[in-house]
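Here is the file upload06.cif (mmCIF, C-alpha atoms).
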```cif
data_work
#
loop_
_atom_site.label_atom_id
_atom_site.label_comp_id
_atom_site.auth_asym_id
_atom_site.auth_seq_id
_atom_site.Cartn_x
_atom_site.Cartn_y
_atom_site.Cartn_z
CA GLN A 1 102.84 116.44 89.28
CA VAL A 2 101.26 114.28 91.96
CA GLN A 3 101.10 110.58 91.14
CA LEU A 4 99.70 107.70 93.15
CA VAL A 5 100.33 104.08 92.24
CA GLU A 6 98.51 101.26 94.02
CA SER A 7 99.59 97.65 94.28
CA GLY A 8 98.83 94.53 96.27
CA GLY A 9 95.38 93.64 94.98
CA GLY A 10 94.47 90.13 93.99
CA SER A 11 92.15 87.22 94.58
CA VAL A 12 91.71 85.63 97.98
CA GLN A 13 89.24 83.36 99.73
CA ALA A 14 86.93 84.64 102.42
CA GLY A 15 88.75 84.95 105.72
CA GLY A 16 92.05 85.70 104.04
CA SER A 17 94.21 88.82 104.09
CA LEU A 18 95.72 91.26 101.65
CA ARG A 19 97.92 94.31 102.06
CA LEU A 20 97.49 97.19 99.64
CA SER A 21 100.20 99.76 99.08
CA CYS A 22 100.13 103.18 97.45
CA VAL A 23 103.30 105.02 96.53
CA VAL A 24 102.84 108.78 96.37
CA SER A 25 105.20 110.97 94.39
CA GLY A 26 105.19 114.68 93.69
CA TYR A 27 103.25 115.64 96.83
CA THR A 28 105.51 117.94 98.83
CA TYR A 29 103.23 119.16 101.61
CA SER A 30 103.57 117.91 105.17
CA ARG A 31 99.86 118.31 105.86
CA TYR A 32 97.38 116.00 104.25
CA TYR A 33 94.46 113.67 104.33
CA MET A 34 95.12 110.30 102.73
CA ALA A 35 92.53 107.62 102.23
CA TRP A 36 91.48 104.37 100.62
CA PHE A 37 88.24 104.13 98.69
CA ARG A 38 86.57 101.27 96.87
CA GLN A 39 84.04 101.03 94.11
CA VAL A 40 82.01 98.32 92.42
CA PRO A 41 80.37 98.89 89.04
CA GLY A 42 77.14 100.82 89.29
CA LYS A 43 77.76 102.06 92.82
CA GLU A 44 79.22 105.23 94.27
CA ARG A 45 82.82 105.28 95.40
CA GLU A 46 82.90 104.37 99.10
CA GLY A 47 85.38 105.60 101.68
CA VAL A 48 87.07 102.73 103.49
CA ALA A 49 89.74 104.30 105.70
CA ALA A 50 91.49 107.63 106.04
CA ILE A 51 94.47 109.06 107.90
CA CYS A 52 95.71 112.60 108.41
CA SER A 53 99.13 114.07 108.95
CA VAL A 54 98.77 113.89 112.76
CA ARG A 55 97.97 110.19 112.42
CA ILE A 56 94.31 110.36 113.33
CA THR A 57 92.41 107.60 111.51
CA ASN A 58 88.84 107.04 110.43
CA TYR A 59 87.17 103.84 109.21
CA ALA A 60 83.93 102.90 107.58
CA ASN A 61 81.77 100.85 109.93
CA SER A 62 81.88 97.92 107.54
CA VAL A 63 85.65 97.50 107.94
CA LYS A 64 86.28 98.52 111.54
CA GLY A 65 88.30 95.90 113.37
CA ARG A 66 89.33 94.20 110.10
CA PHE A 67 91.24 96.88 108.14
CA THR A 68 94.14 99.05 109.28
CA ILE A 69 95.41 102.12 107.46
CA SER A 70 98.95 103.35 107.94
CA ASN A 71 101.46 105.57 106.20
CA ASP A 72 105.21 105.81 106.08
CA ASN A 73 106.25 109.39 105.42
CA ALA A 74 109.86 108.42 104.82
CA GLU A 75 108.81 106.01 102.09
CA ASN A 76 105.89 108.12 100.84
CA THR A 77 103.73 105.02 101.08
CA LEU A 78 100.16 104.55 102.23
CA SER A 79 99.10 101.04 103.21
CA LEU A 80 95.89 99.20 103.95
CA GLN A 81 96.10 95.91 105.82
CA MET A 82 92.91 93.95 105.17
CA ASN A 83 92.14 90.93 107.36
CA SER A 84 89.12 88.65 107.63
CA LEU A 85 88.12 89.55 104.10
CA GLU A 86 84.54 88.98 103.02
CA PRO A 87 83.01 88.62 99.54
CA GLU A 88 81.39 92.03 100.12
CA ASP A 89 84.88 93.56 100.15
CA THR A 90 85.27 92.75 96.45
CA ALA A 91 85.88 96.02 94.60
CA MET A 92 88.39 98.21 92.86
CA TYR A 93 90.42 99.94 95.57
CA TYR A 94 91.80 103.45 95.10
CA CYS A 95 94.13 105.58 97.18
CA ALA A 96 93.72 109.33 97.35
CA VAL A 97 95.39 112.37 98.88
CA THR A 98 94.56 116.01 99.41
CA PHE A 99 96.16 118.96 101.10
CA ALA A 100 94.49 119.62 104.43
CA VAL A 101 95.15 121.21 107.79
CA TRP A 102 93.72 118.95 110.46
CA SER A 103 90.41 120.36 111.67
CA GLY A 104 90.24 118.38 114.89
CA LEU A 105 87.76 115.98 113.34
CA PRO A 106 88.45 112.53 111.90
CA PRO A 107 89.71 112.70 108.31
CA PRO A 108 86.83 112.48 105.84
CA LEU A 109 85.66 109.46 103.91
CA ARG A 110 83.83 111.44 101.24
CA TRP A 111 85.39 111.01 97.81
CA ASN A 112 84.80 114.64 96.82
CA GLU A 113 87.12 115.83 99.60
CA TYR A 114 90.16 114.40 97.78
CA ASN A 115 91.99 115.89 94.82
CA PHE A 116 94.53 113.30 93.71
CA TRP A 117 93.80 109.69 92.87
CA GLY A 118 95.51 106.52 91.80
CA GLN A 119 94.35 104.18 89.05
CA GLY A 120 93.13 101.47 91.38
CA THR A 121 93.90 97.85 92.22
CA GLN A 122 91.32 95.07 92.07
CA VAL A 123 90.47 92.99 95.13
CA THR A 124 88.34 89.89 94.66
CA VAL A 125 87.18 87.81 97.61
CA SER A 126 85.55 84.46 96.90
CA SER A 127 83.29 82.57 99.28
#
```

Represent the structure from my file as structure tokens, please.
Amino acid sequence: QVQLVESGGGSVQAGGSLRLSCVVSGYTYSRYYMAWFRQVPGKEREGVAAICSVRITNYANSVKGRFTISNDNAENTLSLQMNSLEPEDTAMYYCAVTFAVWSGLPPPLRWNEYNFWGQGTQVTVSS
């Protein structure tokens, strides 16, 4: 059974930083897309950053230059370093994974491309 557990959320002032982590267990494939999404009440889940098994990354325009996605295969951990946080980054953040053979394109940021999800961690940025 695939399980994803996020941590690292919290409250921070604008301009600050947070690092989110997601421990993945039960996923035994070497090929994957992994991603971070975020959602605020009443809005659709938004893709923030994604990475594939050949380490190609993809970012939403709103976070480019501020967020960095990375993964540690040995530790089965996906991370999201978030710098220069803005109040608009306030949301519940989710990690996700799906089996995928890299297509040559950047990994997707559409939520319906991913099969396994964590429970989320809240990030609140105050002005």

What do you get, as a tab-separated table (two decimals) with C-alpha atoms, keeping the file's coordinate frame, if you spell out every residue that the PyMOL selection byres ((chain A and resi 117) around 8) selects here?
```
chain	number	residue	atom	x	y	z
A	3	GLN	CA	101.10	110.58	91.14
A	4	LEU	CA	99.70	107.70	93.15
A	94	TYR	CA	91.80	103.45	95.10
A	95	CYS	CA	94.13	105.58	97.18
A	96	ALA	CA	93.72	109.33	97.35
A	97	VAL	CA	95.39	112.37	98.88
A	114	TYR	CA	90.16	114.40	97.78
A	115	ASN	CA	91.99	115.89	94.82
A	116	PHE	CA	94.53	113.30	93.71
A	118	GLY	CA	95.51	106.52	91.80
A	119	GLN	CA	94.35	104.18	89.05
```

Handout entry: Reference answer for the PyMOL selection byres ((chain A and resi 101) around 12), as number ranges by chain
Key = A: 29-33, 52-54, 98-100, 102-107

Exercise for the section: Kindly give the distance, in Å, that separates atom CA of Gly42 of chain A and atom CA of Ser70 of chain A, rounded to a single decimal. Expected result: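 Those two atoms sit 28.8 Å apart.
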
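Residues lying within 6 Å of segment 77-86 of chain A, counting all atoms listed in the file and ignoring same-chain neighbours fewer than 2 positions away, are Ala14, Gly15, Gly16, Ser17, Leu18, Arg19, Leu20, Ser21, Cys22, Val23, Arg66, Phe67, Thr68, Ile69, Ser70, Asn71, Asp72, Glu75, Glu88 and Asp89 of chain A.
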
Problem - Separation of atom CA of Ala35 of chain A from atom CA of Val48 of chain A, in Å and rounded to one decimal - result: 7.4 Å

Problem - atom CA of Ile51 of chain A to atom CA of Val123 of chain A, distance in Å rounded to a single decimal - result: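 These two atoms are separated by 20.9 Å.
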
Exercise for the section: Please evaluate the PyMOL selection byres ((chain A and resi 92) around 10) against the structure above and give the resulting residues as a list in words. Expected result: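 The output of the PyMOL selection byres ((chain A and resi 92) around 10) on this file is Gly9, Phe37, Arg38, Gln39, Val40, Pro41, Arg45, Asp89, Thr90, Ala91, Tyr93, Tyr94, Gln119, Gly120, Thr121, Gln122, Val123 and Thr124 of chain A.
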